[in-house]
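Dumped upload_23.cif below, it's mmCIF, C-alpha atoms and all ligand atoms:
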```cif
data_entry
loop_
_atom_site.group_PDB
_atom_site.id
_atom_site.type_symbol
_atom_site.label_atom_id
_atom_site.label_comp_id
_atom_site.auth_asym_id
_atom_site.auth_seq_id
_atom_site.Cartn_x
_atom_site.Cartn_y
_atom_site.Cartn_z
ATOM 1 C CA MET E 11 -14.765 -22.944 -8.443
ATOM 2 C CA THR E 12 -17.000 -22.183 -5.463
ATOM 3 C CA GLU E 13 -18.657 -18.807 -5.871
ATOM 4 C CA PRO E 14 -18.665 -16.318 -3.015
ATOM 5 C CA ALA E 15 -22.060 -15.601 -1.471
ATOM 6 C CA SER E 16 -23.932 -12.543 -2.640
ATOM 7 C CA PRO E 17 -27.445 -11.516 -1.618
ATOM 8 C CA LYS E 18 -27.841 -9.825 -5.015
ATOM 9 C CA ASP E 19 -27.085 -12.982 -6.928
ATOM 10 C CA PRO E 20 -30.269 -14.970 -7.545
ATOM 11 C CA ARG E 21 -28.197 -18.107 -8.318
ATOM 12 C CA HIS E 22 -27.593 -18.367 -4.610
ATOM 13 C CA HIS E 23 -31.266 -18.903 -3.830
ATOM 14 C CA PRO E 24 -31.913 -22.209 -5.618
ATOM 15 C CA SER E 25 -34.389 -23.493 -3.048
ATOM 16 C CA GLY E 26 -36.076 -20.166 -2.351
ATOM 17 C CA ALA E 27 -35.129 -20.630 1.325
ATOM 18 C CA PRO E 28 -34.714 -17.455 3.392
ATOM 19 C CA TRP E 29 -31.434 -15.679 2.610
ATOM 20 C CA ARG E 30 -28.843 -15.268 5.322
ATOM 21 C CA ASN E 31 -27.963 -11.595 5.019
ATOM 22 C CA PHE E 32 -24.395 -10.721 4.132
ATOM 23 C CA TYR E 33 -23.809 -6.963 4.142
ATOM 24 C CA GLY E 34 -20.159 -6.771 3.098
ATOM 25 C CA ARG E 35 -18.563 -6.363 -0.322
ATOM 26 C CA VAL E 36 -18.102 -9.391 -2.547
ATOM 27 C CA HIS E 37 -16.438 -7.659 -5.522
ATOM 28 C CA GLY E 38 -14.064 -4.688 -5.696
ATOM 29 C CA LYS E 39 -11.819 -3.288 -8.418
ATOM 30 C CA THR E 40 -11.528 -5.163 -11.699
ATOM 31 C CA LEU E 41 -9.204 -8.107 -11.245
ATOM 32 C CA ARG E 42 -5.853 -8.103 -13.044
ATOM 33 C CA PRO E 43 -5.316 -10.907 -15.587
ATOM 34 C CA GLY E 44 -2.854 -12.636 -13.219
ATOM 35 C CA GLN E 45 -5.446 -12.556 -10.431
ATOM 36 C CA LYS E 46 -8.144 -13.978 -12.726
ATOM 37 C CA HIS E 47 -5.746 -16.732 -13.717
ATOM 38 C CA ALA E 48 -5.006 -17.498 -10.042
ATOM 39 C CA LEU E 49 -8.725 -17.637 -9.238
ATOM 40 C CA GLU E 50 -9.315 -19.997 -12.147
ATOM 41 C CA HIS E 51 -6.375 -22.301 -11.470
ATOM 42 C CA ASP E 52 -5.288 -22.065 -7.824
ATOM 43 C CA LEU E 53 -8.535 -21.542 -5.945
ATOM 44 C CA GLY E 54 -10.318 -24.776 -6.879
ATOM 45 C CA PRO E 55 -7.743 -27.153 -5.350
ATOM 46 C CA LEU E 56 -7.632 -25.104 -2.131
ATOM 47 C CA THR E 57 -11.399 -24.758 -1.743
ATOM 48 C CA LEU E 58 -13.173 -26.977 0.753
ATOM 49 C CA ALA E 59 -15.751 -29.079 -1.045
ATOM 50 C CA GLY E 60 -19.268 -29.372 0.279
ATOM 51 C CA VAL E 61 -19.519 -26.078 2.171
ATOM 52 C CA GLY E 62 -21.769 -24.344 -0.318
ATOM 53 C CA TRP E 63 -24.133 -21.855 1.272
ATOM 54 C CA ALA E 64 -26.956 -21.907 3.755
ATOM 55 C CA ASP E 65 -29.749 -22.835 1.350
ATOM 56 C CA ASN E 66 -27.756 -25.312 -0.725
ATOM 57 C CA PRO E 67 -29.215 -28.765 -0.144
ATOM 58 C CA ASP E 68 -25.988 -30.448 -1.308
ATOM 59 C CA ARG E 69 -23.781 -29.329 1.558
ATOM 60 C CA SER E 70 -22.281 -31.929 3.819
ATOM 61 C CA PRO E 71 -20.389 -31.998 7.151
ATOM 62 C CA LEU E 72 -16.641 -31.647 6.697
ATOM 63 C CA ASP E 73 -14.610 -34.783 7.318
ATOM 64 C CA MET E 74 -11.791 -33.600 9.564
ATOM 65 C CA ALA E 75 -9.839 -36.779 8.762
ATOM 66 C CA ASP E 76 -9.077 -35.059 5.428
ATOM 67 C CA PHE E 77 -6.668 -32.810 7.350
ATOM 68 C CA GLY E 78 -4.457 -35.762 8.272
ATOM 69 C CA GLY E 79 -4.911 -35.504 12.040
ATOM 70 C CA ARG E 80 -3.269 -32.073 12.169
ATOM 71 C CA PRO E 81 -4.750 -29.312 14.370
ATOM 72 C CA VAL E 82 -7.079 -27.090 12.316
ATOM 73 C CA TRP E 83 -7.177 -23.315 12.842
ATOM 74 C CA LEU E 84 -9.613 -20.815 11.365
ATOM 75 C CA GLU E 85 -9.172 -17.226 10.168
ATOM 76 C CA ILE E 86 -12.420 -15.325 9.726
ATOM 77 C CA GLY E 87 -12.381 -12.592 7.057
ATOM 78 C CA PHE E 88 -8.701 -12.803 6.079
ATOM 79 C CA GLY E 89 -8.874 -9.738 3.793
ATOM 80 C CA GLY E 90 -5.687 -9.702 1.684
ATOM 81 C CA GLY E 91 -4.324 -12.774 3.481
ATOM 82 C CA GLU E 92 -1.175 -11.284 5.090
ATOM 83 C CA HIS E 93 -1.828 -12.846 8.496
ATOM 84 C CA LEU E 94 -3.147 -16.122 7.073
ATOM 85 C CA VAL E 95 -0.078 -16.834 4.935
ATOM 86 C CA HIS E 96 2.271 -15.695 7.690
ATOM 87 C CA MET E 97 0.616 -18.069 10.173
ATOM 88 C CA ALA E 98 0.650 -20.967 7.723
ATOM 89 C CA ALA E 99 4.384 -20.456 7.101
ATOM 90 C CA LEU E 100 5.168 -20.075 10.806
ATOM 91 C CA HIS E 101 3.100 -23.078 11.904
ATOM 92 C CA PRO E 102 3.609 -25.811 9.292
ATOM 93 C CA GLN E 103 2.297 -28.451 11.714
ATOM 94 C CA VAL E 104 -1.274 -27.080 11.490
ATOM 95 C CA VAL E 105 -3.797 -26.554 8.719
ATOM 96 C CA ILE E 106 -5.399 -23.117 8.601
ATOM 97 C CA ILE E 107 -8.773 -22.602 6.985
ATOM 98 C CA GLY E 108 -9.449 -19.085 5.757
ATOM 99 C CA ALA E 109 -12.939 -17.746 5.038
ATOM 100 C CA GLU E 110 -13.392 -14.568 3.008
ATOM 101 C CA PRO E 111 -16.255 -13.603 0.660
ATOM 102 C CA PHE E 112 -14.440 -10.598 -0.912
ATOM 103 C CA ILE E 113 -13.115 -12.096 -4.124
ATOM 104 C CA ASN E 114 -10.409 -9.442 -4.607
ATOM 105 C CA GLY E 115 -9.056 -10.411 -1.171
ATOM 106 C CA VAL E 116 -9.107 -14.075 -2.170
ATOM 107 C CA ALA E 117 -7.161 -13.175 -5.331
ATOM 108 C CA MET E 118 -4.570 -11.258 -3.263
ATOM 109 C CA LEU E 119 -4.211 -14.228 -0.935
ATOM 110 C CA LEU E 120 -3.596 -16.604 -3.841
ATOM 111 C CA GLY E 121 -0.692 -14.433 -5.002
ATOM 112 C CA LYS E 122 0.805 -14.532 -1.508
ATOM 113 C CA ILE E 123 0.354 -18.315 -1.251
ATOM 114 C CA ARG E 124 2.294 -18.732 -4.504
ATOM 115 C CA GLU E 125 5.086 -16.448 -3.314
ATOM 116 C CA ALA E 126 5.391 -18.126 0.092
ATOM 117 C CA GLY E 127 4.952 -21.664 -1.239
ATOM 118 C CA VAL E 128 2.775 -22.677 1.712
ATOM 119 C CA THR E 129 0.527 -25.707 1.318
ATOM 120 C CA ASN E 130 -1.090 -26.088 4.764
ATOM 121 C CA LEU E 131 -4.070 -23.897 3.898
ATOM 122 C CA ALA E 132 -7.667 -24.520 2.897
ATOM 123 C CA LEU E 133 -10.175 -21.903 1.807
ATOM 124 C CA HIS E 134 -13.832 -21.097 1.918
ATOM 125 C CA PRO E 135 -14.292 -18.156 -0.474
ATOM 126 C CA GLY E 136 -17.597 -17.128 1.113
ATOM 127 C CA ASP E 137 -19.430 -16.339 4.326
ATOM 128 C CA VAL E 138 -17.804 -17.990 7.350
ATOM 129 C CA ARG E 139 -21.255 -18.834 8.728
ATOM 130 C CA ASP E 140 -21.731 -21.326 5.891
ATOM 131 C CA LEU E 141 -18.444 -22.927 6.884
ATOM 132 C CA LEU E 142 -19.369 -23.000 10.580
ATOM 133 C CA ASP E 143 -22.570 -24.856 9.638
ATOM 134 C CA VAL E 144 -20.590 -27.797 8.252
ATOM 135 C CA LEU E 145 -17.697 -27.936 10.736
ATOM 136 C CA PRO E 146 -18.030 -30.705 13.342
ATOM 137 C CA ASP E 147 -18.320 -29.888 17.052
ATOM 138 C CA ALA E 148 -14.990 -29.023 18.749
ATOM 139 C CA SER E 149 -13.038 -29.322 15.477
ATOM 140 C CA ILE E 150 -11.165 -25.980 15.557
ATOM 141 C CA ALA E 151 -8.104 -25.553 17.767
ATOM 142 C CA LYS E 152 -7.607 -21.774 17.311
ATOM 143 C CA ALA E 153 -9.555 -18.957 15.641
ATOM 144 C CA PHE E 154 -8.571 -15.470 14.477
ATOM 145 C CA LEU E 155 -10.839 -12.479 13.897
ATOM 146 C CA ASN E 156 -8.630 -9.639 12.663
ATOM 147 C CA TYR E 157 -10.124 -6.220 12.158
ATOM 148 C CA PRO E 158 -13.710 -7.370 11.618
ATOM 149 C CA ASP E 159 -16.010 -4.931 9.816
ATOM 150 C CA PRO E 160 -16.694 -2.208 12.411
ATOM 151 C CA TRP E 161 -20.295 -1.295 11.483
ATOM 152 C CA PRO E 162 -19.987 2.017 13.370
ATOM 153 C CA LYS E 163 -23.657 3.044 13.373
ATOM 154 C CA ALA E 164 -25.535 1.842 16.467
ATOM 155 C CA ARG E 165 -28.371 0.429 14.366
ATOM 156 C CA HIS E 166 -25.819 -1.764 12.526
ATOM 157 C CA HIS E 167 -24.076 -3.162 15.618
ATOM 158 C CA ARG E 168 -26.097 -6.343 15.307
ATOM 159 C CA ARG E 169 -24.280 -7.002 12.000
ATOM 160 C CA ARG E 170 -20.946 -7.219 13.840
ATOM 161 C CA PHE E 171 -19.303 -10.595 14.095
ATOM 162 C CA VAL E 172 -19.325 -10.404 17.894
ATOM 163 C CA THR E 173 -23.039 -11.165 18.134
ATOM 164 C CA PRO E 174 -24.746 -14.439 19.109
ATOM 165 C CA GLY E 175 -25.616 -15.374 15.501
ATOM 166 C CA HIS E 176 -21.873 -15.679 14.780
ATOM 167 C CA LEU E 177 -20.407 -16.433 18.204
ATOM 168 C CA ASP E 178 -22.702 -19.325 19.117
ATOM 169 C CA PRO E 179 -21.786 -21.402 16.035
ATOM 170 C CA LEU E 180 -18.120 -20.445 16.508
ATOM 171 C CA HIS E 181 -18.310 -21.685 20.098
ATOM 172 C CA ARG E 182 -19.811 -24.982 18.936
ATOM 173 C CA VAL E 183 -17.015 -25.702 16.456
ATOM 174 C CA MET E 184 -14.159 -24.699 18.761
ATOM 175 C CA ALA E 185 -12.520 -27.267 21.013
ATOM 176 C CA PRO E 186 -12.715 -26.707 24.774
ATOM 177 C CA GLY E 187 -9.701 -24.603 25.771
ATOM 178 C CA ALA E 188 -9.112 -23.383 22.186
ATOM 179 C CA GLU E 189 -7.896 -19.804 21.790
ATOM 180 C CA PHE E 190 -9.969 -17.126 20.063
ATOM 181 C CA ARG E 191 -8.084 -13.940 19.120
ATOM 182 C CA VAL E 192 -9.733 -10.656 18.194
ATOM 183 C CA ALA E 193 -7.855 -7.609 16.880
ATOM 184 C CA THR E 194 -9.654 -4.317 16.350
ATOM 185 C CA ASP E 195 -8.935 -0.592 16.197
ATOM 186 C CA ILE E 196 -12.454 0.437 17.212
ATOM 187 C CA PRO E 197 -12.983 1.140 20.944
ATOM 188 C CA ASP E 198 -16.702 0.417 20.718
ATOM 189 C CA TYR E 199 -15.887 -2.926 19.074
ATOM 190 C CA VAL E 200 -13.667 -3.697 22.083
ATOM 191 C CA ARG E 201 -16.623 -2.872 24.329
ATOM 192 C CA GLN E 202 -18.992 -5.163 22.451
ATOM 193 C CA THR E 203 -16.392 -7.951 22.230
ATOM 194 C CA LEU E 204 -15.775 -7.849 25.981
ATOM 195 C CA GLU E 205 -19.532 -7.941 26.573
ATOM 196 C CA GLU E 206 -20.644 -10.561 24.065
ATOM 197 C CA VAL E 207 -17.783 -13.060 23.722
ATOM 198 C CA PRO E 208 -17.884 -14.186 27.400
ATOM 199 C CA VAL E 209 -21.679 -14.567 27.177
ATOM 200 C CA ALA E 210 -21.119 -16.906 24.209
ATOM 201 C CA GLY E 211 -18.951 -19.207 26.356
ATOM 202 C CA PHE E 212 -15.399 -17.856 26.143
ATOM 203 C CA ASP E 213 -13.198 -16.651 29.040
ATOM 204 C CA ARG E 214 -10.928 -13.647 28.574
ATOM 205 C CA ILE E 215 -7.215 -14.253 28.970
ATOM 206 C CA GLU E 216 -5.985 -11.103 30.662
ATOM 207 C CA HIS E 217 -3.051 -9.340 29.005
ATOM 208 C CA PRO E 218 -2.405 -5.725 28.034
ATOM 209 C CA MET E 219 -4.681 -4.898 25.111
ATOM 210 C CA ASP E 220 -1.983 -2.879 23.341
ATOM 211 C CA VAL E 221 0.499 -5.763 23.160
ATOM 212 C CA ALA E 222 0.262 -7.965 20.077
ATOM 213 C CA TRP E 223 0.681 -11.740 20.160
ATOM 214 C CA ASP E 224 4.247 -13.051 19.698
ATOM 215 C CA ASP E 225 3.446 -14.548 16.298
ATOM 216 C CA TRP E 226 1.283 -11.625 15.106
ATOM 217 C CA ARG E 227 1.630 -10.297 11.572
ATOM 218 C CA SER E 228 0.145 -6.873 10.937
ATOM 219 C CA THR E 229 -2.576 -6.698 8.290
ATOM 220 C CA ARG E 230 -3.678 -4.180 5.656
ATOM 221 C CA TYR E 231 -6.422 -2.937 7.946
ATOM 222 C CA GLU E 232 -4.042 -2.552 10.845
ATOM 223 C CA HIS E 233 -1.728 -0.466 8.646
ATOM 224 C CA LYS E 234 -4.678 1.688 7.624
ATOM 225 C CA ALA E 235 -5.739 2.131 11.269
ATOM 226 C CA LEU E 236 -2.219 3.167 12.293
ATOM 227 C CA ARG E 237 -1.955 5.613 9.360
ATOM 228 C CA GLU E 238 -5.243 7.165 10.434
ATOM 229 C CA GLY E 239 -4.182 7.402 14.093
ATOM 230 C CA ARG E 240 -6.295 4.590 15.563
ATOM 231 C CA ALA E 241 -4.657 2.253 18.077
ATOM 232 C CA PRO E 242 -4.817 -1.541 17.702
ATOM 233 C CA HIS E 243 -6.390 -3.593 20.499
ATOM 234 C CA TYR E 244 -5.600 -7.284 20.887
ATOM 235 C CA LEU E 245 -7.992 -9.473 22.877
ATOM 236 C CA THR E 246 -7.588 -13.160 23.682
ATOM 237 C CA PHE E 247 -10.259 -15.589 24.829
ATOM 238 C CA ARG E 248 -10.339 -19.273 25.624
ATOM 239 C CA ARG E 249 -13.320 -21.425 24.714
ATOM 240 C CA ARG E 250 -14.913 -22.595 27.971
HETATM 241 C C1 LIG K 301 -12.150 -4.732 7.760
HETATM 242 S S1 LIG K 301 -11.780 -6.129 6.787
HETATM 243 C C2 LIG K 301 -10.314 -6.801 7.562
HETATM 244 C C3 LIG K 301 -9.570 -7.747 6.676
HETATM 245 C C4 LIG K 301 -8.315 -8.389 7.278
HETATM 246 N N1 LIG K 301 -8.644 -9.286 8.360
HETATM 247 C C5 LIG K 301 -7.321 -7.353 7.747
HETATM 248 O O1 LIG K 301 -7.101 -7.227 8.963
HETATM 249 O O2 LIG K 301 -6.782 -6.628 6.873
HETATM 250 C C6 LIG K 301 -13.022 -7.296 7.302
HETATM 251 C C7 LIG K 301 -13.088 -8.509 6.406
HETATM 252 O O3 LIG K 301 -14.047 -9.421 6.921
HETATM 253 C C8 LIG K 301 -14.713 -9.998 5.830
HETATM 254 N N2 LIG K 301 -16.020 -10.524 6.286
HETATM 255 C C9 LIG K 301 -17.106 -9.803 6.635
HETATM 256 N N3 LIG K 301 -18.112 -10.615 6.954
HETATM 257 C C10 LIG K 301 -17.654 -11.887 6.804
HETATM 258 C C11 LIG K 301 -18.240 -13.166 6.945
HETATM 259 N N4 LIG K 301 -19.514 -13.310 7.323
HETATM 260 N N5 LIG K 301 -17.483 -14.257 6.694
HETATM 261 C C12 LIG K 301 -16.184 -14.120 6.317
HETATM 262 N N6 LIG K 301 -15.585 -12.933 6.162
HETATM 263 C C13 LIG K 301 -16.301 -11.820 6.383
HETATM 264 C C14 LIG K 301 -14.852 -8.867 4.835
HETATM 265 O O4 LIG K 301 -15.097 -9.309 3.512
HETATM 266 C C15 LIG K 301 -13.509 -8.165 4.989
HETATM 267 O O5 LIG K 301 -12.550 -8.648 4.094
#
```
Give the structure from the file, written as structure tokens.
Amino acid sequence: MTEPASPKDPRHHPSGAPWRNFYGRVHGKTLRPGQKHALEHDLGPLTLAGVGWADNPDRSPLDMADFGGRPVWLEIGFGGGEHLVHMAALHPQVVIIGAEPFINGVAMLLGKIREAGVTNLALHPGDVRDLLDVLPDASIAKAFLNYPDPWPKARHHRRRFVTPGHLDPLHRVMAPGAEFRVATDIPDYVRQTLEEVPVAGFDRIEHPMDVAWDDWRSTRYEHKALREGRAPHYLTFRRR
């Protein structure tokens, strides 16, 4: 089983190369026995081989032929996997890769995959940047960033996904014309997204920000935002 990245875990620094900082959570509440079982048995077959992590010398470029010529989509930080499984079920003609370092989220997703019986999914249970490193140019036909970590303090804004360190590699792996969707409940995240994503080579597709996509499935974080009185914003871009 591929281990999720953790800056506190010295096993992830085999070469002593500089660590790529990941500031989010990797572990949460103790996993239930059923979740542990799913991680042990279901995760391995779904995990993309060869992604590893930034300082792993054994990583190799992904061979997109392994996806059988189907369009490949990417969900960044799928959390509990509601949207990922919904999309996989709704769009059986594509393969969707999900990246998520929070192992409790991965365990939740595995439960949902079993329930839904979807098979057109592949996983990277780690930092999406490690996955972007090994994806070929123009290999992704659509990407989703749903409720990315908000990092509300100004001095942490550079940790947000909508910064060049994340957006430039995303731009490289996306096909020209491919759609990039961002959902967030944080007005300042909307501001930064509208500023930074076009600079990284994406054009905004104009539509009302309060109208969700036709095939949208609300997520745990969207439910939380609505409960707490924050409005969702939906932004769509096209890779230039
Ligand atoms: C606020 S949660 C939203 C989860 C889910 N998309 C939803 O809407 O419920 C943000 C998620 O992004 C994940 N995340 C943060 N940095 C990431 C990275 N570098 N690569 C992949 N996922 C990341 C976190 O672990 C977390 O699960």
For this session: Could you give me the residues within 7 Å of ligand LIG 301 (chain K), counting only C-alpha atoms and all ligand atoms, as a ChimeraX atom specification?
Result: /E:32,34-36,86-90,109-112,115,136-139,155-160,229-232
Exercise. At what distance in Å, to one decimal, does atom CA of Ile107 of chain E lie from atom CA of Leu84 of chain E?
Worked result: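 About the pair atom CA of Leu84 of chain E and atom CA of Ile107 of chain E: they are 4.8 Å apart.
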Problem set entry | Residue among E:Asp140, E:Gln202, E:Phe154, E:His134 lying closest to His167 of chain E, counting only C-alpha atoms |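 Checking each of E:Asp140, E:Gln202, E:Phe154, E:His134 against His167 of chain E, counting only C-alpha atoms, the winner is E:Gln202.
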For this session: To one decimal in Å, tell me the separation between atom CA of Ala210 of chain E and atom CA of Phe171 of chain E.
Result: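 These two atoms are separated by 12.1 Å.
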Problem set entry | Residue among E:Gly38, E:Pro218, E:Pro71, E:Gly187 lying closest to Pro146 of chain E, counting all atoms listed in the file | E:Pro71
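Atom pair atom CA of Ile123 of chain E / atom CA of Met184 of chain E: separated by 25.5 Å.
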Given only C-alpha atoms, how would the per-residue table for segment 162-212 of chain E near segment 79-82 of chain E read, listing every residue at most 12 Å away with its closest atom pair and distance in Å to one decimal, sorted by chain and number, as JSON lines?
```
{"residue": "E:Val183", "atom": "CA", "partner": "E:Val82", "partner_atom": "CA", "distance": 10.9}
{"residue": "E:Met184", "atom": "CA", "partner": "E:Val82", "partner_atom": "CA", "distance": 9.9}
{"residue": "E:Ala185", "atom": "CA", "partner": "E:Val82", "partner_atom": "CA", "distance": 10.3}
{"residue": "E:Ala188", "atom": "CA", "partner": "E:Pro81", "partner_atom": "CA", "distance": 10.7}
{"residue": "E:Glu189", "atom": "CA", "partner": "E:Val82", "partner_atom": "CA", "distance": 12.0}
```
For this session: Could you tell me which of E:Asp195, E:Asp52, E:Asp220, E:Asp147 comes closest to His233 of chain E if we count all atoms listed in the file?
Result: E:Asp195
Kindly compute an axis-aligned box around the listed atoms of segment 71-86 of chain E, allowing 4 Å on each side, and express its centre and edge lengths in Å to one decimal as lines of an AutoDock Vina configuration file.
```
center_x = -11.8
center_y = -26.1
center_z = 9.9
size_x = 25.1
size_y = 29.5
size_z = 16.9
```
Problem set entry | the PyMOL selection byres (((chain E and resi 174) around 12) and not hetatm) resolved against shown file, as a VMD selection string | chain E and resid 139 167 to 173 175 to 182 202 to 203 205 to 211
With C-alpha atoms retained, write the just-selected residues as a short mmCIF file (atom, residue, chain, number, x, y, z; two decimals), in the coordinates of the input.
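Written out: result_26.cif:
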```cif
data_model
loop_
_atom_site.label_atom_id
_atom_site.label_comp_id
_atom_site.auth_asym_id
_atom_site.auth_seq_id
_atom_site.Cartn_x
_atom_site.Cartn_y
_atom_site.Cartn_z
CA ARG E 139 -21.26 -18.83 8.73
CA HIS E 167 -24.08 -3.16 15.62
CA ARG E 168 -26.10 -6.34 15.31
CA ARG E 169 -24.28 -7.00 12.00
CA ARG E 170 -20.95 -7.22 13.84
CA PHE E 171 -19.30 -10.60 14.10
CA VAL E 172 -19.32 -10.40 17.89
CA THR E 173 -23.04 -11.16 18.13
CA GLY E 175 -25.62 -15.37 15.50
CA HIS E 176 -21.87 -15.68 14.78
CA LEU E 177 -20.41 -16.43 18.20
CA ASP E 178 -22.70 -19.32 19.12
CA PRO E 179 -21.79 -21.40 16.04
CA LEU E 180 -18.12 -20.44 16.51
CA HIS E 181 -18.31 -21.68 20.10
CA ARG E 182 -19.81 -24.98 18.94
CA GLN E 202 -18.99 -5.16 22.45
CA THR E 203 -16.39 -7.95 22.23
CA GLU E 205 -19.53 -7.94 26.57
CA GLU E 206 -20.64 -10.56 24.06
CA VAL E 207 -17.78 -13.06 23.72
CA PRO E 208 -17.88 -14.19 27.40
CA VAL E 209 -21.68 -14.57 27.18
CA ALA E 210 -21.12 -16.91 24.21
CA GLY E 211 -18.95 -19.21 26.36
#
```
